[in-house]
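S.K.: Next comes target.cif, mmCIF, C-alpha atoms and all ligand atoms:
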```cif
data_run
loop_
_atom_site.label_atom_id
_atom_site.label_comp_id
_atom_site.auth_asym_id
_atom_site.auth_seq_id
_atom_site.Cartn_x
_atom_site.Cartn_y
_atom_site.Cartn_z
CA MET A 20 104.22 14.03 126.09
CA ASP A 21 103.87 11.66 123.12
CA PHE A 22 105.80 13.13 120.21
CA THR A 23 104.72 10.61 117.63
CA PHE A 24 102.01 11.16 115.05
CA GLU A 25 100.63 8.87 112.43
CA GLN A 26 101.34 9.20 108.73
CA GLY A 27 99.79 7.23 105.89
CA PRO A 28 101.61 5.70 102.91
CA ILE A 29 100.88 8.10 100.06
CA ARG A 30 100.29 11.71 99.03
CA PRO A 31 100.16 13.50 95.67
CA PRO A 32 103.55 14.63 94.28
CA SER A 33 102.38 18.25 94.62
CA GLU A 34 102.19 17.72 98.41
CA ALA A 35 105.80 16.58 98.87
CA ASN A 36 106.53 19.46 101.25
CA SER A 37 103.21 19.47 103.09
CA LEU A 38 102.56 18.30 106.62
CA LEU A 39 100.75 14.95 106.35
CA LEU A 40 97.93 14.46 108.84
CA ARG A 41 96.25 11.08 108.86
CA LEU A 42 92.55 11.65 109.50
CA THR A 43 91.43 8.27 108.21
CA ARG A 44 93.18 4.98 107.52
CA ASN A 45 93.12 3.16 104.17
CA CYS A 46 90.38 3.33 101.56
CA PRO A 47 86.66 2.69 102.16
CA TRP A 48 86.40 1.05 98.73
CA GLY A 49 89.69 -0.76 98.12
CA ARG A 50 88.53 -2.73 95.06
CA CYS A 51 89.92 -0.89 92.05
CA LYS A 52 91.79 -3.43 89.94
CA PHE A 53 94.69 -1.11 89.13
CA CYS A 54 95.27 0.01 92.72
CA TYR A 55 98.05 -1.18 94.97
CA ASN A 56 97.66 1.36 97.77
CA TYR A 57 96.55 0.47 101.28
CA ARG A 58 96.51 -3.27 100.51
CA GLU A 59 98.66 -4.09 103.56
CA GLY A 60 96.80 -1.94 106.06
CA GLY A 61 93.35 -3.30 105.26
CA LYS A 62 90.30 -1.89 106.95
CA PHE A 63 89.07 1.67 106.48
CA GLU A 64 88.92 3.61 109.74
CA ILE A 65 87.91 7.13 110.62
CA ARG A 66 90.02 8.44 113.46
CA LYS A 67 88.44 10.17 116.45
CA VAL A 68 88.39 13.97 116.49
CA GLU A 69 89.87 14.09 120.02
CA GLU A 70 92.74 11.81 119.02
CA LEU A 71 93.45 14.01 115.99
CA LYS A 72 93.38 17.17 118.08
CA ARG A 73 95.89 15.60 120.48
CA GLU A 74 98.19 14.84 117.56
CA ILE A 75 97.87 18.34 116.13
CA THR A 76 98.64 19.82 119.57
CA GLY A 77 101.70 17.55 119.75
CA ILE A 78 102.87 18.81 116.35
CA LYS A 79 102.46 22.38 117.61
CA VAL A 80 104.69 21.58 120.63
CA ILE A 81 107.29 20.07 118.28
CA SER A 82 107.05 23.09 115.98
CA ASP A 83 107.52 25.51 118.92
CA SER A 84 110.55 23.52 120.16
CA ILE A 85 112.11 23.68 116.69
CA LEU A 86 111.54 27.45 116.53
CA ALA A 87 113.10 27.81 120.02
CA LEU A 88 116.12 25.82 118.81
CA SER A 89 116.33 28.06 115.78
CA THR A 90 116.51 31.15 118.04
CA LYS A 91 119.10 29.44 120.22
CA LEU A 92 121.21 28.78 117.13
CA GLY A 93 121.01 32.48 116.22
CA GLN A 94 118.67 31.92 113.25
CA GLY A 95 115.72 33.89 114.64
CA ASP A 96 112.41 32.29 113.66
CA GLU A 97 113.76 30.91 110.42
CA VAL A 98 113.96 27.13 110.14
CA ASN A 99 116.84 26.95 107.70
CA LYS A 100 119.32 24.25 106.70
CA LYS A 101 121.42 24.88 109.81
CA VAL A 102 118.44 24.16 112.07
CA VAL A 103 117.35 21.10 110.05
CA ASP A 104 120.92 19.77 110.10
CA ALA A 105 121.09 20.20 113.87
CA ILE A 106 117.86 18.21 114.27
CA CYS A 107 118.97 15.46 111.90
CA ARG A 108 122.40 15.27 113.55
CA ASP A 109 121.22 15.16 117.16
CA ASP A 110 119.12 12.54 118.80
CA TYR A 111 115.67 13.94 117.98
CA PRO A 112 112.70 11.64 117.30
CA GLU A 113 111.61 11.10 113.68
CA SER A 114 108.58 13.35 114.21
CA PHE A 115 110.91 16.35 114.83
CA ARG A 116 112.62 15.71 111.48
CA THR A 117 109.26 15.54 109.75
CA VAL A 118 108.07 18.82 111.26
CA ALA A 119 111.45 20.49 110.65
CA HIS A 120 111.23 19.48 106.96
CA TRP A 121 107.75 20.97 106.81
CA LEU A 122 108.82 24.25 108.48
CA TYR A 123 111.91 24.43 106.29
CA HIS A 124 109.57 24.44 103.27
CA GLY A 125 107.48 27.24 104.72
CA GLY A 126 105.09 25.28 106.98
CA LYS A 127 102.08 26.58 105.07
CA THR A 128 100.54 23.49 103.48
CA VAL A 129 98.82 20.41 104.89
CA PHE A 130 97.64 17.22 103.21
CA LEU A 131 94.97 15.10 104.89
CA GLN A 132 95.44 11.34 104.51
CA ASP A 133 94.38 8.62 103.56
CA ALA A 134 92.23 7.96 100.48
CA ASN A 135 89.00 9.72 101.36
CA SER A 136 88.94 12.23 104.26
CA PRO A 137 85.50 13.59 103.26
CA ALA A 138 84.14 10.22 104.41
CA MET A 139 84.30 11.78 107.89
CA LYS A 140 81.07 13.36 109.06
CA THR A 141 81.09 16.95 107.83
CA PRO A 142 80.85 18.55 111.33
CA ASP A 143 83.79 16.41 112.51
CA LEU A 144 85.91 17.33 109.52
CA VAL A 145 84.99 21.00 109.96
CA GLU A 146 86.08 20.76 113.61
CA VAL A 147 89.45 19.24 112.67
CA LEU A 148 90.04 21.78 109.88
CA THR A 149 89.19 24.64 112.22
CA PHE A 150 91.53 23.23 114.85
CA ILE A 151 94.38 22.96 112.33
CA LYS A 152 93.87 26.56 111.21
CA THR A 153 93.64 27.86 114.80
CA THR A 154 96.71 25.95 115.91
CA PHE A 155 98.75 26.98 112.87
CA PRO A 156 97.38 30.34 111.67
CA GLN A 157 100.11 30.51 108.99
CA ILE A 158 98.58 27.64 107.00
CA GLU A 159 97.49 28.68 103.53
CA ARG A 160 96.45 25.40 101.90
CA ILE A 161 94.81 22.22 103.16
CA THR A 162 94.11 19.46 100.64
CA SER A 163 92.91 15.87 100.60
CA TYR A 164 92.13 12.91 98.39
CA ALA A 165 88.42 12.19 97.89
CA ARG A 166 86.21 9.65 96.13
CA SER A 167 83.62 10.96 93.67
CA LYS A 168 81.06 8.59 95.20
CA THR A 169 81.43 10.23 98.61
CA ILE A 170 81.38 13.76 97.21
CA ALA A 171 78.33 13.02 95.05
CA GLN A 172 76.51 11.98 98.23
CA LYS A 173 77.47 15.13 100.16
CA ARG A 174 75.32 18.23 100.03
CA LEU A 175 76.69 21.36 98.42
CA GLU A 176 76.31 23.12 101.81
CA ASP A 177 78.62 20.49 103.36
CA LEU A 178 81.33 21.20 100.82
CA LYS A 179 80.90 24.94 101.29
CA ALA A 180 81.26 24.47 105.05
CA LEU A 181 84.46 22.45 104.52
CA HIS A 182 85.83 25.14 102.25
CA GLN A 183 85.00 27.83 104.77
CA ALA A 184 86.74 25.83 107.50
CA GLY A 185 89.92 25.73 105.41
CA LEU A 186 89.74 22.88 102.91
CA SER A 187 91.35 24.35 99.82
CA ARG A 188 91.64 21.50 97.33
CA LEU A 189 90.39 17.98 96.65
CA HIS A 190 92.32 15.43 94.59
CA ILE A 191 89.89 13.01 92.94
CA GLY A 192 90.80 9.84 91.06
CA LEU A 193 88.59 10.14 88.00
CA GLU A 194 90.76 7.60 86.16
CA SER A 195 88.34 7.27 83.21
CA GLY A 196 85.16 8.82 81.88
CA SER A 197 84.09 5.61 80.15
CA ASP A 198 81.51 3.56 82.05
CA THR A 199 82.85 0.41 80.37
CA VAL A 200 86.35 1.04 81.67
CA LEU A 201 85.14 2.18 85.10
CA ALA A 202 83.06 -1.00 85.47
CA TYR A 203 85.84 -3.30 84.23
CA MET A 204 88.29 -1.69 86.65
CA ASN A 205 85.84 -1.98 89.56
CA LYS A 206 86.08 1.73 90.27
CA GLY A 207 82.69 1.68 92.00
CA VAL A 208 81.56 4.90 90.39
CA LYS A 209 79.95 5.90 87.11
CA ALA A 210 80.86 8.74 84.76
CA GLN A 211 77.73 10.66 85.77
CA GLU A 212 78.71 10.51 89.46
CA HIS A 213 82.17 11.81 88.56
CA ILE A 214 80.51 14.74 86.80
CA GLU A 215 78.12 15.42 89.66
CA ALA A 216 80.92 15.27 92.25
CA GLY A 217 83.34 17.38 90.23
CA ARG A 218 80.79 20.09 89.54
CA LYS A 219 79.77 20.21 93.17
CA VAL A 220 83.38 20.65 94.28
CA LYS A 221 83.82 23.49 91.80
CA GLU A 222 80.61 25.14 92.93
CA SER A 223 81.74 25.01 96.54
CA ALA A 224 84.88 27.00 95.57
CA ILE A 225 87.18 24.14 96.63
CA SER A 226 89.91 23.78 94.04
CA LEU A 227 89.74 20.50 92.11
CA SER A 228 92.41 18.13 90.75
CA GLU A 229 91.13 15.22 88.65
CA TYR A 230 93.54 12.31 88.04
CA ILE A 231 93.28 10.35 84.83
CA ILE A 232 95.15 7.20 83.80
CA ILE A 233 96.45 6.87 80.26
CA GLY A 234 96.31 3.23 79.15
CA LEU A 235 93.44 2.25 81.46
CA GLY A 236 91.28 1.17 78.50
CA GLY A 237 94.01 -1.15 77.24
CA LYS A 238 94.04 -2.02 73.54
CA LYS A 239 90.34 -2.84 73.52
CA TRP A 240 88.82 0.37 74.85
CA TRP A 241 91.50 2.99 74.27
CA LYS A 242 89.31 5.18 72.04
CA GLU A 243 86.27 4.94 74.27
CA HIS A 244 88.48 5.69 77.29
CA ALA A 245 90.08 8.76 75.70
CA VAL A 246 86.89 10.26 74.28
CA GLY A 247 84.78 9.39 77.35
CA THR A 248 87.34 10.89 79.72
CA ALA A 249 87.53 14.09 77.69
CA LYS A 250 83.71 14.34 77.70
CA VAL A 251 83.55 14.03 81.49
CA LEU A 252 86.38 16.53 81.98
CA ASN A 253 84.64 18.97 79.63
CA GLN A 254 81.59 18.86 81.84
CA ILE A 255 83.53 19.35 85.06
CA ASN A 256 86.19 21.86 83.99
CA PRO A 257 88.51 20.99 86.91
CA ASP A 258 91.28 23.35 87.95
CA PHE A 259 93.85 20.64 87.27
CA ILE A 260 93.87 17.52 85.11
CA ARG A 261 96.71 15.35 86.39
CA VAL A 262 97.94 12.60 84.12
CA ARG A 263 99.17 9.18 85.20
CA THR A 264 100.16 6.24 82.99
CA LEU A 265 99.04 2.71 83.73
CA ALA A 266 101.71 0.40 85.10
CA VAL A 267 100.71 -3.04 86.34
CA LEU A 268 102.37 -4.60 89.37
CA PRO A 269 101.90 -8.28 90.33
CA VAL A 270 100.13 -7.17 93.53
CA MET A 271 97.31 -5.52 91.54
CA PRO A 272 94.20 -7.56 90.69
CA LEU A 273 94.58 -6.29 87.11
CA ALA A 274 97.77 -8.37 86.79
CA LEU A 275 95.61 -11.52 86.65
CA ASP A 276 93.61 -10.12 83.73
CA VAL A 277 96.82 -9.22 81.94
CA GLU A 278 98.18 -12.70 82.54
CA SER A 279 95.01 -14.40 81.30
CA GLY A 280 94.96 -12.20 78.19
CA ASP A 281 91.62 -10.67 79.13
CA PHE A 282 93.21 -7.21 79.40
CA ILE A 283 95.73 -6.35 76.72
CA LEU A 284 98.04 -3.51 77.64
CA SER A 285 98.54 -0.68 75.18
CA THR A 286 102.01 -0.08 73.80
CA GLU A 287 103.90 3.13 74.55
CA GLU A 288 103.00 4.49 71.11
CA GLY A 289 99.41 3.39 71.57
CA MET A 290 99.19 5.37 74.79
CA VAL A 291 100.64 8.45 73.11
CA ARG A 292 97.91 8.18 70.42
CA GLU A 293 95.37 7.81 73.21
CA GLU A 294 96.65 10.95 74.96
CA ARG A 295 96.41 12.80 71.65
CA LEU A 296 92.80 11.77 71.18
CA LEU A 297 92.01 12.81 74.73
CA ILE A 298 93.59 16.28 74.38
CA GLU A 299 92.01 16.75 70.95
CA ASN A 300 88.60 16.20 72.55
CA LEU A 301 89.11 18.57 75.49
CA ASP A 302 86.93 21.51 74.71
CA GLY A 303 85.53 24.62 76.41
CA ILE A 304 87.59 24.23 79.59
CA ASP A 305 90.39 26.26 81.12
CA SER A 306 92.10 23.59 83.23
CA TYR A 307 95.83 23.13 83.72
CA PHE A 308 96.87 19.86 82.10
CA ILE A 309 99.66 18.58 84.33
CA SER A 310 102.09 15.74 83.78
CA ASP A 311 103.68 15.44 87.22
CA HIS A 312 104.57 11.77 87.32
CA ILE A 313 107.65 10.00 86.06
CA LEU A 314 105.43 7.25 84.60
CA ASN A 315 104.27 9.59 81.85
CA LEU A 316 106.24 9.09 78.65
CA LEU A 317 105.93 12.66 77.36
CA GLU A 318 106.46 14.82 80.39
CA GLU A 319 106.48 17.99 78.31
CA VAL A 320 102.86 17.48 77.26
CA GLU A 321 101.69 19.96 79.85
CA GLY A 322 100.08 23.38 79.80
CA LYS A 323 97.08 25.59 80.25
CA LEU A 324 93.95 24.95 78.24
CA PRO A 325 92.91 26.12 75.77
CA GLU A 326 95.94 28.28 74.89
CA ASP A 327 98.53 25.48 75.10
CA LYS A 328 96.43 22.80 73.41
CA ASN A 329 98.16 23.06 70.03
CA ARG A 330 101.60 23.16 71.58
CA MET A 331 100.83 19.97 73.51
CA LEU A 332 99.49 18.27 70.38
CA ASN A 333 102.61 19.37 68.50
CA VAL A 334 104.85 17.61 71.05
CA ILE A 335 102.81 14.44 70.58
CA ASP A 336 102.96 14.74 66.79
CA ARG A 337 106.70 15.26 66.95
CA TYR A 338 107.02 11.98 68.87
CA LEU A 339 104.65 10.14 66.53
CA SER A 340 106.56 11.28 63.45
CA LEU A 341 109.88 9.92 64.73
CA PRO A 342 111.27 6.89 62.87
CA LEU A 343 110.54 3.61 64.69
CA GLU A 344 114.06 3.22 66.03
CA GLU A 345 114.10 6.77 67.43
CA LYS A 346 110.76 6.16 69.12
CA MET A 347 112.12 3.00 70.71
CA MET A 348 115.23 4.86 71.75
CA PHE A 349 113.13 7.55 73.42
CA ASN A 350 110.80 5.02 75.09
CA LEU A 351 113.72 3.16 76.59
CA GLY A 352 115.66 6.31 77.54
CA ARG A 353 112.61 7.68 79.32
CA ARG A 354 112.03 4.45 81.23
CA MET A 355 115.72 4.33 82.14
CA ASN A 356 115.16 7.83 83.57
CA LEU A 357 117.79 9.29 81.19
CA PHE A 358 115.42 11.25 78.94
CA ARG A 359 112.79 13.73 80.02
CA ARG A 360 112.13 15.65 76.82
CA LEU A 361 112.28 14.73 73.14
CA ASP A 362 115.30 17.04 72.75
CA ASP A 363 117.19 14.68 75.08
CA LEU A 364 117.48 12.33 72.10
CA ASN A 365 120.24 14.70 70.97
CA HIS A 366 122.17 14.51 74.25
CA PRO A 367 125.34 12.63 73.21
CA LEU A 368 126.17 11.04 76.56
CA ARG A 369 122.66 9.91 77.48
CA ARG A 370 121.92 8.80 73.94
CA GLY A 371 125.11 6.72 74.03
CA THR A 372 124.02 4.94 77.22
CA VAL A 373 120.56 4.19 75.82
CA SER A 374 122.10 3.03 72.55
CA GLU A 375 124.24 0.51 74.40
CA ALA A 376 121.17 -0.81 76.24
CA MET A 377 119.27 -1.06 72.93
CA LYS A 378 122.01 -3.20 71.40
CA LYS A 379 121.58 -5.76 74.16
CA ILE A 380 117.87 -6.09 73.44
CA SER A 381 118.04 -6.68 69.67
CA PRO A 382 117.38 -8.62 67.52
CA ASP A 383 113.91 -9.47 68.92
CA MET A 384 112.77 -5.90 69.14
CA PRO A 385 110.24 -4.35 69.46
CA GLU A 386 108.28 -7.00 71.45
CA ARG A 387 111.18 -7.57 73.80
CA LEU A 388 111.66 -3.85 74.24
CA ASP A 389 107.96 -3.38 75.05
CA LYS A 390 108.18 -6.08 77.71
CA MET A 391 111.31 -4.56 79.20
CA ILE A 392 109.74 -1.11 79.22
CA ARG A 393 106.64 -2.46 80.99
CA GLU A 394 108.90 -3.91 83.68
CA LEU A 395 110.84 -0.65 83.99
CA ARG A 396 107.54 1.28 84.31
CA GLY A 397 106.64 -0.88 87.28
CA ASN A 398 109.73 0.40 89.10
CA TYR A 399 108.27 3.88 89.32
CA ILE A 400 105.24 3.07 91.44
S1 LIG B 1 89.26 4.43 95.42
FE1 LIG B 1 91.41 5.06 95.12
S2 LIG B 1 92.53 4.26 96.89
FE2 LIG B 1 90.54 3.23 96.84
S3 LIG B 1 90.91 1.34 95.74
FE3 LIG B 1 90.24 2.81 94.22
S4 LIG B 1 92.11 3.79 93.44
FE4 LIG B 1 92.65 2.69 95.33
#
```
Take the structure I supplied and represent it as structure tokens, if you would.
Ligand code: SF4

M.R.:
Amino acid sequence: MDFTFEQGPIRPPSEANSLLLRLTRNCPWGRCKFCYNYREGGKFEIRKVEELKREITGIKVISDSILALSTKLGQGDEVNKKVVDAICRDDYPESFRTVAHWLYHGGKTVFLQDANSPAMKTPDLVEVLTFIKTTFPQIERITSYARSKTIAQKRLEDLKALHQAGLSRLHIGLESGSDTVLAYMNKGVKAQEHIEAGRKVKESAISLSEYIIIGLGGKKWWKEHAVGTAKVLNQINPDFIRVRTLAVLPVMPLALDVESGDFILSTEEGMVREERLLIENLDGIDSYFISDHILNLLEEVEGKLPEDKNRMLNVIDRYLSLPLEEKMMFNLGRRMNLFRRLDDLNHPLRRGTVSEAMKKISPDMPERLDKMIRELRGNYI
């Protein structure tokens, strides 16, 4: 029996302990200027249902073998550290380690890769979801990335059928609610389609995560980006708003615009002001505002709307009221991965390390610091 199964390159941070099943390969769009994913792999492909079922059956065989090993090791049906260690130590294929890791973390969540599983025909996706749930009855959550364009084109009944078959959550890259920014970034979708798609997902009872990118409007459109994104989110009311911060890598098409001066990146402080404007404009929704990426400067700006709105704005205001040098210290400390919260500025050891690094950058600050921070940001994607 073939014990290998395919896995794609990325998944949301919240799916770190999920089983990754690759239903499709790459992205059907692949033109967003800020995107670096799937560039190597190229063409979008939808995998055959039979092939996927074979893989899922293979994973079940692996899972049963791991549980048998667990019993043999006197651990009953618990896949604990002892069992995982035995698999990592002995000569098991990589796929066994992957499944053991999944079972160790409960074996109850699955993430469907790559960028847009709903691009599969609905009956095919329903068949695969049903097969996953039948093969692993313990599964409680199945999630996937999706494009708004695809969801806007699906019927509500399709989404309801997917939910009934086991699809629990969709992660959608909203990125911006400004048509100007969406067009400039080649997102291939308009704000109205984002709204239509988001509302449809909500109506189908599938849980919805919308990803937004702070800084995507650059210096030119930061206000329009913040206010437009808030407006779209207000009309969708997603379960989760997940924040990312723009970082530009040379491999991204956007790097050419930055180089030519056509797109001017916002500063760290500029992006904090942008996030403030965005949160200020979020109204009438009860989403969780989540900062689950190391790229975000103020990780503690996180909470449930509307009750945590003021607390989140207060964190931002606390940062904005810092003297310039303290702000620069925090920006650098965060990008050096030494600071997570504003209180970390008072941590003597970490502050000392950042202070030393700051001394090396002067006297040309803050331009030089901004450049260095941009480079450090690029290390986190
Ligand atoms: S739709 Fe998503 S995966 Fe595809 S190119 Fe755009 S950002 Fe990248």

S.K.: A:Ile232, A:Leu201, A:Leu175, A:Leu343: which is nearest Ala216 (chain A), counting all atoms listed in the file?

M.R.: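 Checking each of A:Ile232, A:Leu201, A:Leu175, A:Leu343 against Ala216 (chain A), counting all atoms listed in the file, the winner is A:Leu175.
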
S.K.: Taking all atoms listed in the file and a cut-off of 10 Å, can you tell me which residues surround ligand LIG 1 (chain B), written as a ChimeraX atom specification?

M.R.: /A:29,45-58,63,133-135,164-168,191-194,204-208

S.K.: Between CA of Asn333 (chain A) and CA of Val320 (chain A), what is the distance in Å, rounded to a tenth?

M.R.: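 Computing it gives 9.0 Å between the two atoms.
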
S.K.: Any idea what the distance is between CA of Arg387 (chain A) and CA of Arg360 (chain A)?

M.R.: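 Interatomic distance here is 23.4 Å.
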
S.K.: To one decimal place, how far is CA of Asn300 (chain A) from CA of Thr248 (chain A) in Å?

M.R.: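 So the two atoms, CA of Asn300 (chain A) and CA of Thr248 (chain A), lie 9.0 Å apart.
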
S.K.: Hey, which of A:Arg30, A:Lys179, A:Lys173, A:Arg396 ends up closest to Val145 (chain A)? Count all atoms listed in the file.

M.R.: A:Lys179

S.K.: Would you kindly return, as a PyMOL selection string, each protein, DNA or RNA residue with an atom no farther than 9 Å from any atom of Gln26 (chain A), considering only C-alpha atoms and excluding same-chain residues fewer than 4 positions away?

M.R.: chain A and resi 39-41+132-133

S.K.: Using all atoms listed in the file, find the one residue out of A:Tyr111, A:Phe24, A:Phe308, A:Phe155 that sits nearest to Asp83 (chain A).

M.R.: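 Among the listed residues, the smallest separation from Asp83 (chain A) belongs to A:Phe155.
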
S.K.: Using only C-alpha atoms, what residues lie at most 10 Å away from (112.9, 5.4, 80.8) (file coordinates), given as number ranges by chain?

M.R.: A: 313-316, 348-359, 373, 392, 395-396, 399

S.K.: Which residue gives the smallest distance to Leu265 (chain A) among A:Lys140, A:His190, A:His312, A:Arg295, with only C-alpha atoms counted?

M.R.: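 Answer, going by the shortest atom-to-atom distance: A:His312.
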
S.K.: If I put a ball of radius 8 Å at (104.3, 1.1, 76.8) in the file's coordinates, which residues poke into it when counting all atoms listed in the file, written as a list of chain:residue names?

M.R.: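 Returned residue set, sorted by chain then number, is A:Leu284, A:Ser285, A:Thr286, A:Glu287, A:Glu288, A:Gly289, A:Met290, A:Asn350, A:Asp389, A:Ile392, A:Arg393.
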
S.K.: Between A:Leu235, A:Leu42, A:Leu189, A:Ile75, which is the closest to Val277 (chain A) once you count only C-alpha atoms?

M.R.: A:Leu235

S.K.: I want to know what sits within 10 Å of Asn36 (chain A), based on all atoms listed in the file, with residues of the same chain fewer than 4 positions away left out; could you give that as a PDB file with C-alpha atoms, keeping the file's coordinate frame?

M.R.:
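part19.pdb was written with the following content:
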```pdb
ATOM      1  CA  PRO A  32     103.550  14.630  94.280  1.00  0.00           C
ATOM      2  CA  THR A 117     109.260  15.540 109.750  1.00  0.00           C
ATOM      3  CA  HIS A 120     111.230  19.480 106.960  1.00  0.00           C
ATOM      4  CA  TRP A 121     107.750  20.970 106.810  1.00  0.00           C
ATOM      5  CA  LEU A 122     108.820  24.250 108.480  1.00  0.00           C
ATOM      6  CA  TYR A 123     111.910  24.430 106.290  1.00  0.00           C
ATOM      7  CA  HIS A 124     109.570  24.440 103.270  1.00  0.00           C
ATOM      8  CA  GLY A 125     107.480  27.240 104.720  1.00  0.00           C
ATOM      9  CA  GLY A 126     105.090  25.280 106.980  1.00  0.00           C
ATOM     10  CA  LYS A 127     102.080  26.580 105.070  1.00  0.00           C
ATOM     11  CA  THR A 128     100.540  23.490 103.480  1.00  0.00           C
ATOM     12  CA  VAL A 129      98.820  20.410 104.890  1.00  0.00           C
ATOM     13  CA  PHE A 130      97.640  17.220 103.210  1.00  0.00           C
TER      14      PHE A 130
END
```

S.K.: Calculate, to one decimal in Å, the centre and edge lengths of the box along x, y and z of the file that holds all listed atoms of region 308-314 of chain A with 4 Å of margin on each side, and present them as lines of an AutoDock Vina configuration file.

M.R.:
```
center_x = 102.3
center_y = 13.6
center_z = 84.7
size_x = 18.8
size_y = 20.6
size_z = 13.2
```

S.K.: Please provide the set of residues having any atom within 9 Å of Leu361 (chain A), restricted to all atoms listed in the file, with same-chain residues fewer than 6 positions apart removed, written as JSON, numbers by chain.

M.R.: {"A": [317, 319, 334, 337, 338, 349]}

S.K.: Now that the selection is made, can you save its residues with C-alpha atoms as a CSV table (one decimal), in the coordinates of the input?

M.R.:
```
chain,number,residue,atom,x,y,z
A,317,LEU,CA,105.9,12.7,77.4
A,319,GLU,CA,106.5,18.0,78.3
A,334,VAL,CA,104.8,17.6,71.0
A,337,ARG,CA,106.7,15.3,67.0
A,338,TYR,CA,107.0,12.0,68.9
A,349,PHE,CA,113.1,7.6,73.4
```

S.K.: Residues near Val220 (chain A), anyone? I mean within 8 Å using all atoms listed in the file, not counting same-chain ones fewer than 3 positions away, as JSON, numbers by chain.

M.R.: {"A": [170, 175, 178, 189, 216, 217, 223, 224, 225, 226, 227]}

S.K.: Quick one: residues within 9 Å of Arg66 (chain A), all atoms listed in the file counted, chain neighbours fewer than 2 positions away excluded, as a PyMOL selection string?

M.R.: chain A and resi 41-44+64+68-71+139
